[in-house]
Structures are given as structure tokens and as C-alpha cells.
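**Student:** I have a structure I would like to understand better, so I am pasting it below and will then ask my questions one at a time.
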Amino acid sequence: MSTGIYSIGVSGIAAAQLNLLATEHNVVNASTPGYTRQRAVQATNIAVNTGAGSIGQGVHVQTIERMYDRYLTGQVNSAQTTLSGIDAYYGEIKQIDNLLADPSAGLSPVLQDFFSGVQQVASNPSLLSARESMISSATTLVNRFQSLDSRLAELADEVNGKIQDAVTSINAYSSQIADLNQRIIISESSYGQPANDLLDQRDTLINELNKLVKVSTSTNSNGSFNVFIGTGQQPVVGEQAMTLSAMAASADPSRIAVGLQTMTGSSMELPEQLISGGQLGGLVSFRNETLDKAMNELGRVAASVALTFNAQHALGMDLSGNASGDGAAFNANFFNVANLIPTVNANSHNTGNLVVTAQLTNPPPYGPEVSDGNFYTNLTTSDYRLTYAGKNAANVDLFSLSRLSDNKQWSADTLTNLTATVQSTEGFGISVQSGGANIGDSFLIQPTRNAAKNVLVDPVIAADARAVAAAVPFRTSATDTNKGNGEISPGKTVPGFDVNLLRAGDITVTYNAASPTQLSFTGLGLGDTVIVKLPGSAESAPALPPVAYTQGMTISVDGMSFQLTGQPSDGDTFKLSLNAAGTSDGRNALALGQLQTKNTMAGAKATFQGAYAQLVANNGIKTRELKVTGDAQQAVLDQAQATRDSLSGVNLDEEAANMIRFQQAYQASAKLLEIGKTLFDTVLQIR
């Protein structure tokens, strides 16, 4: 009997001791990051069957288990990776928001100052100081474009650097996880018990990895983890860690992409849509969704300002009397657009040597051109991908084009047809310079990416304020002997004007009252045509004079547009003459100033400042959205962490109570030994 008492008491002492050790381990690790509370799992020893019944033989500790729930831990990891992605995105976009919306450092104030300078020239075209002030504000404008572009380029470099750092950290964590997998396998296979502290360390690394990129795990039969990112790419397979690499993107070498090294040592670029969650996912999303669009939009505004302003400026006459048709004496461009060239990158995986270039399209006039129209651009904020599709039956090269912002496709066609399409709808053209392509070769086209940093004030304009074409090269007049009340408007130049026609002599418009009433023209060249727009109607196709007269009609003849109103008498004449003394004429400067409020962008659907304001608003809305979403996600993470901690966290009050309980259990088991000793001594004293 005493032997049974001893064995039961010893088992109780051993069990209480292990419980105390587990409790002490919990207490000292209460503040250890990633620690999971442990407890001893007890079970009764196998009983001894006797004639009097089954007699228990004490207790033993089966295992020390972690208070762990993989679903709760998964919720914490999922909430953490989402929050880390939002934080990374927000940390970058708020810099853009602060930059673009700044009332002094943004684009809006200098754009307003520039057009204010244009209006001053329109009011005082002969005043050189007004012209010089306009040029100065134009220089400030291009400097601001360049400054904003430079800051956005710095953000792009910052994102590249952070992606490289994240990849380095991911590789370090992956290596540590693989090492822990090996140690866990050895430990658990040697003792047949869970390696609790090693498991905690691995879970902590998984959580840290989730802060960098969203991962999922699977458990192998030997207790090791496989770690997955994207659609199944495995940075960790059991005891083996694969290596991610930060590499130049195949489509655009200026941006860093994430690659996965293969068994052969080469790196396979991962599509960016596979990178989600965590800091890495947030950075990639920021770059794709916000930074690229901001750089493209800034470039689109810069290109549109330069191209439309130049197109209208080319229709004017400078202070020296030079106009279109005067050759080198007339400087048509106010802005230097020589370097406004779309960026074209050949994919590094191309097997051919085809060289492709792209060019921005001259802005078309917003019709009707003989009326109150203006120039505009069709440029978008998207990048494009040109892909070689092989040859057709006639051995003609075929290409397809994709607009990457919405994946709009232009099906395989000859490059000539594609170019005609994108020139009219997208604002740029494509051409092949040399070389040959193989099927699948592709080219990334970025029409406006570098426009903001490359726009300049033309050096001729910057050097001589007289070169600003503020006047209109022709003037209109009604003959003093006219008897009717017909009137002719001051007129404006439209595309197609050549001053040499007027240098040869005046153009006379004569009203003929014979039925039907007509206008005849003298001074035109052989075959010269006239375009007419009647009130409330569309403009006509070019036609040979004479033309029927309607009050309020607008007429364009050789690029000179004017309006006739009232009722002339038979034989009344009107003249179009060279504006030889146009030093006080600011009509073209007025048309230049009106570009500020005209729809000059997005296919004649937005103004310069409207497009920029939309960029600022979109970034502001997204910044606010991320702030609100981040706060909400923090609450989700806190809740998930609290739920996990309610099971896995250490409660010091509870552990203090357990320590007393197990101390008493130890003392009670020791008392059994004392009772056994007393009984044994009693037996020995029997004689």
C-alpha cells in the first residue's frame, strides 16, 4: 500500500512541478513579442485492476501545449498585411497630395500668373515690359513643371529603393523561416513533443513577413511550413528558402520589379498584380494607381499648354511685322517642344531588333475652325503597349496596341492604320525606324511621362520679347463709299494662313444684290476656296467663290476668318489687308489668353486648370480614403489581436493564481509522501 502511495505522490509532485515551470515560463515571457501562452496537459496514469476494483496510479503530464488557434492567428496576419499595405500607400500619396495642393508650390498659381501676363500683353501689345513680364511668367511656369516633375521622379526613386529594401527583408525572413523549419523538424522528431518556443518564433517571422507582403502558409507532415505569395510562388519550401530579387522591369528599366530566382540561378519577373498586401504591395499599388498617373497627368498638362499655345501663337504676327510665311524671320513657337518626345521602351525579352519611336500630334482645331473655336489635344494619362503580331497574307507587318489604363485594344493592323487611329484619338503617332521583330515583341509607349521636365520657353522668344506674336496679320475694313449697313468683324487667323498672299495685295469682298445675293472675291489665287458657316449651321466644305450671302455668316478665306452682318447694298465692298501697322493689335494675344478657359485637353473636354484640379482632387480623395480606411483597418487589427490574446496572451493575474494553485498541489502531493512514510513506519513497529 505504501509503495502505491509513494508512486502517486511522486507523480503528483512531478506534475505540479511541470505546471509550475510552465506558469513561470509564461510569467517571464509575458512581454515577449509573439509569445504564446503555454500550459501542461495532464492525464491519469493507467489504473491497476484488483478484486476490490480499479485503483488509480496517479497522474502524468502528456505534453506542454501552446494556447494557439491558427484561425485567430490567420486573422491577425490578414489584418496586419492589409494595414501595412495601406500605411505604405498612404505614406507615399500624402507627399503627392501635399505637393500638388500646396497653394504656393503647386501648378495653379503659376499657371494663373502666366495667363495674367498674356492678358497684359493683349491689353498693351506695344509695351515691351508687358511682353517681358509674360516671358518671365512663362519661364516660371516651365520651371514649376520641371520642379514638380523632379519631385515626382524622386518619389519614383524612393519607391524603387523601398521595394529593394523590402525584397532584402523578405529574403532574410524567408531564410530564417526555412532554418526554423529545420530546427522544428529535428526537435519534434527527436522528442515527439511540439517545439513550442520555436513554433512561436516561426509564427512571429510569418507575421513580420506579412507586414512586407501578403503570404499564406501550408503545413507539411513533418511540421514544417511552406510559404506562398501571389498565385503560388513559394519563397519557402520546407527547409529550403527561395530568393526574391529586385530587378529592372522588362517593360520599363526605370522601375524596379520583383523577381523570383529559379533553380538555375536566373530570375523570373513576377507580374505586379501578384504582389499584394504588406509594404511591398502598398508600394506597387501606389506606383501603378497614383504615381504613374500623376506623372502622366502633369506631363499631359505641360504638353497641352505648349502645343495649343504654340498652335495659336503661330497664327499671329510679331512686333516686327513677321508672320507665317516669312520663313526664319518669324518664330512660330512660343514654347520649345523639340524634346516633347514620347518615351518608347523595348521589352528586354524581345528577340528582334526593331526600333520604334513615337511623336506627339499637333493639336487639331476645335471646330468649327472659322468660328469661335480653339486648339485642343487628345492626349490621355495612360501608357500603351505595342505588340508585334506577325505578317498578313500580303507580307505586311501587323501590330496591336493596348491602352493600359483600361485595356482598350486596337486589333492587329498595319502600323500605318494604327498610327492614323491613335493620332486622331490618343494624340500621338507611332513609327518604325529600323530592324525587324518577332511575334510577341512588345514596346511600352509613354506619351506624356517626361513632357513636364522637357518643356521650355523657346530661346528666340526668351531672347527677344518682340518675337511674341500678339497681333493678327491681317485687318478688315469696309469701304467708305458703302451705302448699306453691312459690317465686317475685325477677323482672326485660322490654320492655313500664309501672309504672302496679302503681301501681294488686298483681298476684296464685293456684295452683289442680284438674285441670289452673292459675295464675290478678288485678289485670290487660282483655285483658292472659301469656307462658310451660316448661323446655327455647321461649316461648309471648301468651295470656289462666289458664295451666297446670309446675314451673320462667318467666312474663312485662306486662313482669314471674319463675320459679315447687316445688309450691304449692291456693290458694297470689304477689304482684307496686311496689318502692316499692327503694333497696337492684341487680337492674337487675346486668343492666347482665352486658351486658359477653353476646353483644350482630353479631346476638348477639359481646361488646363480643370485637368490639374482633377488630378489634385483625385489625389486628395484617395489620400483621405486611405486615412479613413487605415484607421478602420487599425481597429480591425486591434480587435483581431485582442481576440487572439484572449486565448494566447499571458494574463499575469491568472498566472499568479495558477502559481498558488500548483504550489498547493505540490505541497499536497508531498504530504502524500509524508503519510506513506508514517504508514510504513507503523508497519515496521509491529512485533
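Following the order of the C-alpha cells, first chain is A, next is B, and so on, with residues numbered from 1 inside each chain and ligands from 1 in the order they appear.
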Tell me which protein, DNA and RNA residues are within 8 Å of A:Ser250, counting only C-alpha atoms, leaving out same-chain ones fewer than 2 positions away, and put them as a count of residues only.

**Tutor:** 7

**Student:** Which residues of stretch 584-645 of chain A come within 8 Å of stretch 289-301 of chain A, and for each one, what is the closest pair of atoms and their distance in Å to one decimal, counting only C-alpha atoms, sorted by chain and residue number, as CSV?

**Tutor:**
```
residue,atom,partner,partner_atom,distance
A:Met601,CA,A:Val301,CA,7.8
A:Phe608,CA,A:Val301,CA,6.1
A:Ala611,CA,A:Val301,CA,7.3
A:Tyr612,CA,A:Val301,CA,7.1
A:Leu615,CA,A:Ala294,CA,6.9
A:Asn619,CA,A:Thr290,CA,7.5
```

**Student:** Find the spatial neighbours of stretch 454-467 of chain A, counting only C-alpha atoms, within a cut-off of 7 Å - ignore same-chain residues fewer than 5 positions away - and output them as a VMD selection string.

**Tutor:** chain A and resid 128 131 to 132 135 138 to 139 142 302 318 to 320 331 333 to 337 339 to 340

**Student:** Using only C-alpha atoms, which protein or nucleic acid residues come within 8 Å of A:Gln518? Drop anything in the same chain fewer than 3 positions from it, and give the result as a PyMOL selection string.

**Tutor:** chain A and resi 511-515+546-549

**Student:** Have a look at atom CA of A:Leu626 and atom CA of A:Gly278 and let me know their distance in Å, one decimal.

**Tutor:** 14.2 Å

**Student:** So that I can see what lies close to stretch 485-488 of chain A, please list as a list in words the residues with an atom at most 8 Å from it, counting only C-alpha atoms and leaving out residues fewer than 6 positions away in the same chain.

**Tutor:**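 Those residues are Thr476, Ser477, Ala478, Phe562, Gln563, Leu564, Thr565, Gly566, Gln567, Pro568, Ser569 and Phe574 of chain A.
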
**Student:** Go ahead and dump the residues you just picked, C-alpha atoms, as a short mmCIF file (atom, residue, chain, number, x, y, z; two decimals), in the first residue's frame.

**Tutor:**
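Below is the file out-v2.cif, written as the result:
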```
data_model
loop_
_atom_site.label_atom_id
_atom_site.label_comp_id
_atom_site.auth_asym_id
_atom_site.auth_seq_id
_atom_site.Cartn_x
_atom_site.Cartn_y
_atom_site.Cartn_z
CA THR A 476 -10.51 94.17 -92.19
CA SER A 477 -12.26 97.31 -93.35
CA ALA A 478 -15.44 98.45 -95.04
CA PHE A 562 -14.31 87.09 -90.38
CA GLN A 563 -18.03 87.69 -89.97
CA LEU A 564 -20.39 89.79 -92.08
CA THR A 565 -23.51 91.24 -90.50
CA GLY A 566 -26.22 93.68 -91.56
CA GLN A 567 -27.48 94.31 -95.07
CA PRO A 568 -24.99 95.67 -97.60
CA SER A 569 -26.09 97.48 -100.72
CA PHE A 574 -14.98 94.99 -97.81
#
```

**Student:** So which residues of stretch 574-649 of chain A fall under helix (DSSP H, G or I) by DSSP, listed as number ranges by chain?

**Tutor:** A: 587-594, 608-648

**Student:** Can you work out which one of A:Leu21, A:Ile96, A:Ile206, A:Leu244 has the shortest atom-to-atom distance to A:Ile163, counting only C-alpha atoms?

**Tutor:** A:Leu244

**Student:** Neighbours of stretch 33-37 of chain A within 8 Å (only C-alpha atoms; same-chain residues fewer than 6 positions away dropped), as a list in words?

**Tutor:**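 The contact residues come out as Asn26, Arg66, Met67, Tyr68, Asp197, Asp200, Gln201, Asp203, Thr204, Ser648, Gly649 and Val650 of chain A.
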
**Student:** Selection from above, all heavy atoms, as a short mmCIF file (atom, residue, chain, number, x, y, z; two decimals), in the first residue's frame, can you write it?

**Tutor:**
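Saved as again-v3.cif:
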```
data_model
loop_
_atom_site.label_atom_id
_atom_site.label_comp_id
_atom_site.auth_asym_id
_atom_site.auth_seq_id
_atom_site.Cartn_x
_atom_site.Cartn_y
_atom_site.Cartn_z
N ASN A 26 5.51 31.32 -18.66
CA ASN A 26 4.52 32.30 -19.12
C ASN A 26 4.77 33.67 -18.51
O ASN A 26 4.71 34.70 -19.19
CB ASN A 26 3.10 31.84 -18.77
CG ASN A 26 2.64 30.65 -19.58
OD1 ASN A 26 3.16 30.38 -20.66
ND2 ASN A 26 1.66 29.92 -19.06
N ARG A 66 0.78 24.85 -26.59
CA ARG A 66 0.54 26.28 -26.78
C ARG A 66 -0.95 26.54 -26.86
O ARG A 66 -1.69 25.76 -27.48
CB ARG A 66 1.19 26.78 -28.07
CG ARG A 66 2.68 26.69 -28.12
CD ARG A 66 3.22 27.47 -29.34
NE ARG A 66 2.67 26.97 -30.60
CZ ARG A 66 2.64 27.66 -31.74
NH1 ARG A 66 3.08 28.90 -31.75
NH2 ARG A 66 2.15 27.13 -32.84
N MET A 67 -1.38 27.61 -26.26
CA MET A 67 -2.78 28.02 -26.39
C MET A 67 -2.90 28.78 -27.71
O MET A 67 -2.86 30.00 -27.78
CB MET A 67 -3.19 28.90 -25.21
CG MET A 67 -3.00 28.23 -23.86
SD MET A 67 -3.91 26.67 -23.75
CE MET A 67 -5.59 27.28 -23.74
N TYR A 68 -3.04 28.03 -28.77
CA TYR A 68 -2.87 28.55 -30.12
C TYR A 68 -4.05 28.16 -30.99
O TYR A 68 -4.54 27.01 -30.92
CB TYR A 68 -1.56 27.98 -30.71
CG TYR A 68 -1.31 28.30 -32.17
CD1 TYR A 68 -0.79 29.53 -32.54
CD2 TYR A 68 -1.59 27.36 -33.16
CE1 TYR A 68 -0.53 29.82 -33.87
CE2 TYR A 68 -1.34 27.64 -34.50
CZ TYR A 68 -0.82 28.88 -34.85
OH TYR A 68 -0.58 29.16 -36.16
N ASP A 197 8.50 26.99 -28.33
CA ASP A 197 9.19 28.27 -28.48
C ASP A 197 9.65 28.48 -29.92
O ASP A 197 9.61 29.60 -30.44
CB ASP A 197 10.37 28.36 -27.53
CG ASP A 197 9.91 28.45 -26.07
OD1 ASP A 197 8.76 28.87 -25.85
OD2 ASP A 197 10.69 28.10 -25.17
N ASP A 200 6.66 29.49 -31.89
CA ASP A 200 6.36 30.91 -31.67
C ASP A 200 7.27 31.79 -32.51
O ASP A 200 6.83 32.79 -33.11
CB ASP A 200 6.54 31.26 -30.19
CG ASP A 200 5.35 30.83 -29.34
OD1 ASP A 200 4.30 30.48 -29.92
OD2 ASP A 200 5.47 30.85 -28.10
N GLN A 201 8.54 31.44 -32.54
CA GLN A 201 9.47 32.24 -33.34
C GLN A 201 9.10 32.21 -34.81
O GLN A 201 9.15 33.24 -35.50
CB GLN A 201 10.90 31.71 -33.14
CG GLN A 201 11.46 31.90 -31.74
CD GLN A 201 12.83 31.29 -31.59
OE1 GLN A 201 13.63 31.30 -32.52
NE2 GLN A 201 13.11 30.75 -30.41
N ASP A 203 6.06 31.69 -36.08
CA ASP A 203 4.84 32.49 -36.26
C ASP A 203 5.14 33.98 -36.26
O ASP A 203 4.53 34.76 -37.01
CB ASP A 203 3.83 32.17 -35.15
CG ASP A 203 3.19 30.80 -35.33
OD1 ASP A 203 3.27 30.26 -36.45
OD2 ASP A 203 2.61 30.28 -34.36
N THR A 204 6.09 34.40 -35.42
CA THR A 204 6.47 35.81 -35.38
C THR A 204 7.09 36.23 -36.70
O THR A 204 6.80 37.32 -37.22
CB THR A 204 7.46 36.05 -34.23
OG1 THR A 204 6.84 35.72 -32.98
CG2 THR A 204 7.91 37.50 -34.19
N SER A 648 -4.34 33.36 -26.43
CA SER A 648 -2.90 33.07 -26.46
C SER A 648 -2.06 33.99 -25.60
O SER A 648 -0.89 33.69 -25.33
CB SER A 648 -2.40 33.14 -27.91
OG SER A 648 -3.11 32.25 -28.74
N GLY A 649 -2.61 35.13 -25.20
CA GLY A 649 -1.82 36.06 -24.42
C GLY A 649 -1.69 35.65 -22.96
O GLY A 649 -2.49 34.87 -22.44
N VAL A 650 -0.69 36.19 -22.31
CA VAL A 650 -0.42 35.87 -20.90
C VAL A 650 -1.13 36.89 -20.02
O VAL A 650 -0.92 38.10 -20.15
CB VAL A 650 1.09 35.89 -20.61
CG1 VAL A 650 1.34 35.66 -19.12
CG2 VAL A 650 1.80 34.83 -21.44
#
```

**Student:** Could you pull out the strand (DSSP E or B) residues of stretch 442-552 of chain A, going by DSSP on the backbone, and write them as a PyMOL selection string?

**Tutor:** chain A and resi 442-446+456-457+471+474-478+487-488+492-493+507-512+518-522+530-533+539+543+547-548

**Student:** Now that the selection is made, can you save its residues with N, CA and C atoms as a compact mmCIF listing (two decimals), in the first residue's frame?

**Tutor:**
```txt
# COMPACT_ATOMS: atom_id res chain seq x y z
N SER A 442 7.32 43.38 -77.81
CA SER A 442 6.43 44.47 -77.37
C SER A 442 7.23 45.70 -77.00
N PHE A 443 6.53 46.83 -76.97
CA PHE A 443 7.14 48.13 -76.68
C PHE A 443 6.19 48.91 -75.79
N LEU A 444 6.73 49.47 -74.71
CA LEU A 444 5.94 50.31 -73.81
C LEU A 444 6.07 51.76 -74.28
N ILE A 445 4.92 52.39 -74.54
CA ILE A 445 4.90 53.77 -75.01
C ILE A 445 4.29 54.65 -73.93
N GLN A 446 5.02 55.67 -73.53
CA GLN A 446 4.57 56.61 -72.50
C GLN A 446 4.55 58.00 -73.14
N LEU A 456 10.14 73.88 -72.51
CA LEU A 456 10.98 75.05 -72.29
C LEU A 456 10.37 76.25 -73.02
N VAL A 457 10.73 77.45 -72.59
CA VAL A 457 10.42 78.64 -73.37
C VAL A 457 11.38 78.67 -74.55
N ALA A 471 -0.22 90.12 -82.41
CA ALA A 471 -1.17 90.71 -83.36
C ALA A 471 -1.72 89.66 -84.31
N PHE A 474 -3.67 90.26 -90.40
CA PHE A 474 -4.48 91.00 -91.36
C PHE A 474 -5.50 91.85 -90.62
N ARG A 475 -6.00 92.83 -91.33
CA ARG A 475 -7.06 93.67 -90.78
C ARG A 475 -8.18 93.76 -91.79
N THR A 476 -9.35 94.06 -91.31
CA THR A 476 -10.51 94.17 -92.19
C THR A 476 -11.00 95.62 -92.20
N SER A 477 -11.69 95.96 -93.27
CA SER A 477 -12.26 97.31 -93.35
C SER A 477 -13.42 97.32 -94.33
N ALA A 478 -14.34 98.21 -94.10
CA ALA A 478 -15.44 98.45 -95.04
C ALA A 478 -15.13 99.72 -95.82
N GLU A 487 -21.59 95.26 -92.03
CA GLU A 487 -20.38 95.44 -91.23
C GLU A 487 -19.53 94.17 -91.27
N ILE A 488 -18.23 94.34 -91.17
CA ILE A 488 -17.30 93.22 -91.14
C ILE A 488 -16.57 93.21 -89.80
N LYS A 492 -9.96 86.99 -87.47
CA LYS A 492 -8.95 86.19 -86.78
C LYS A 492 -8.33 85.23 -87.78
N THR A 493 -7.10 84.85 -87.52
CA THR A 493 -6.45 83.87 -88.38
C THR A 493 -6.75 82.47 -87.89
N ILE A 507 -7.34 91.65 -100.52
CA ILE A 507 -8.43 90.81 -101.00
C ILE A 507 -9.71 91.61 -100.80
N THR A 508 -10.50 91.70 -101.86
CA THR A 508 -11.73 92.48 -101.81
C THR A 508 -12.93 91.56 -101.88
N VAL A 509 -13.89 91.82 -101.00
CA VAL A 509 -15.14 91.07 -100.98
C VAL A 509 -16.24 92.04 -101.43
N THR A 510 -16.96 91.67 -102.48
CA THR A 510 -17.98 92.56 -103.06
C THR A 510 -19.35 91.92 -102.95
N TYR A 511 -20.31 92.72 -102.50
CA TYR A 511 -21.69 92.24 -102.38
C TYR A 511 -22.43 92.51 -103.68
N ASN A 512 -23.06 91.48 -104.21
CA ASN A 512 -23.85 91.58 -105.43
C ASN A 512 -25.30 91.32 -105.09
N GLN A 518 -25.01 87.46 -103.68
CA GLN A 518 -23.74 86.74 -103.64
C GLN A 518 -22.61 87.65 -103.18
N LEU A 519 -21.55 87.00 -102.73
CA LEU A 519 -20.30 87.67 -102.42
C LEU A 519 -19.25 87.17 -103.39
N SER A 520 -18.60 88.09 -104.06
CA SER A 520 -17.51 87.72 -104.97
C SER A 520 -16.19 88.19 -104.36
N PHE A 521 -15.10 87.54 -104.75
CA PHE A 521 -13.79 87.80 -104.15
C PHE A 521 -12.79 88.13 -105.25
N THR A 522 -11.99 89.16 -105.04
CA THR A 522 -10.88 89.46 -105.94
C THR A 522 -9.59 89.48 -105.12
N VAL A 530 -13.23 78.94 -100.38
CA VAL A 530 -13.82 79.66 -99.26
C VAL A 530 -14.61 78.68 -98.42
N ILE A 531 -14.52 78.83 -97.08
CA ILE A 531 -15.33 78.02 -96.15
C ILE A 531 -16.36 78.95 -95.52
N VAL A 532 -17.59 78.48 -95.46
CA VAL A 532 -18.68 79.30 -94.95
C VAL A 532 -19.37 78.59 -93.80
N LYS A 533 -19.75 79.38 -92.77
CA LYS A 533 -20.58 78.87 -91.69
C LYS A 533 -21.75 79.82 -91.50
N GLU A 539 -20.14 74.33 -90.53
CA GLU A 539 -19.40 74.96 -91.60
C GLU A 539 -19.47 74.11 -92.86
N ALA A 543 -15.26 75.63 -100.87
CA ALA A 543 -15.93 75.81 -102.17
C ALA A 543 -15.31 77.00 -102.89
N VAL A 547 -20.03 83.06 -103.24
CA VAL A 547 -20.86 82.34 -102.28
C VAL A 547 -22.09 83.17 -101.99
N ALA A 548 -23.19 82.48 -101.65
CA ALA A 548 -24.43 83.17 -101.31
C ALA A 548 -24.27 83.90 -99.99
```

**Student:** Can you work out which one of A:Pro535, A:Gly321, A:Gly316, A:Gly390 has the shortest atom-to-atom distance to A:Gly491, counting only C-alpha atoms?

**Tutor:**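 Using only C-alpha atoms, A:Gly491 sits closest to A:Gly316.
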
**Student:** For A:Asp87, which of A:Leu20, A:Leu280, A:Ala420, A:Leu379 is the closest residue, counting only C-alpha atoms?

**Tutor:**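 Comparing A:Leu20, A:Leu280, A:Ala420, A:Leu379 against A:Asp87, the winner is A:Leu280.
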
**Student:** Write out as a VMD selection string the residues lying within 10 Å of A:Val27, counting only C-alpha atoms and excluding same-chain residues fewer than 6 positions away.

**Tutor:** chain A and resid 21 37 650 to 656 659

**Student:** Include C-alpha atoms and write out the residues we just selected as a PDB file, in the first residue's frame.

**Tutor:**
```
ATOM      1  CA  LEU A  21       7.589  25.557 -14.734  1.00  0.00           C
ATOM      2  CA  ARG A  37       0.815  31.120 -23.533  1.00  0.00           C
ATOM      3  CA  VAL A 650      -0.420  35.874 -20.901  1.00  0.00           C
ATOM      4  CA  ASN A 651      -2.630  37.204 -18.095  1.00  0.00           C
ATOM      5  CA  LEU A 652      -0.354  37.828 -15.126  1.00  0.00           C
ATOM      6  CA  ASP A 653      -3.234  37.755 -12.648  1.00  0.00           C
ATOM      7  CA  GLU A 654      -4.287  34.353 -13.931  1.00  0.00           C
ATOM      8  CA  GLU A 655      -0.724  33.094 -13.859  1.00  0.00           C
ATOM      9  CA  ALA A 656      -0.319  34.305 -10.260  1.00  0.00           C
ATOM     10  CA  MET A 659       1.196  29.546  -9.372  1.00  0.00           C
TER      11      MET A 659
END
```
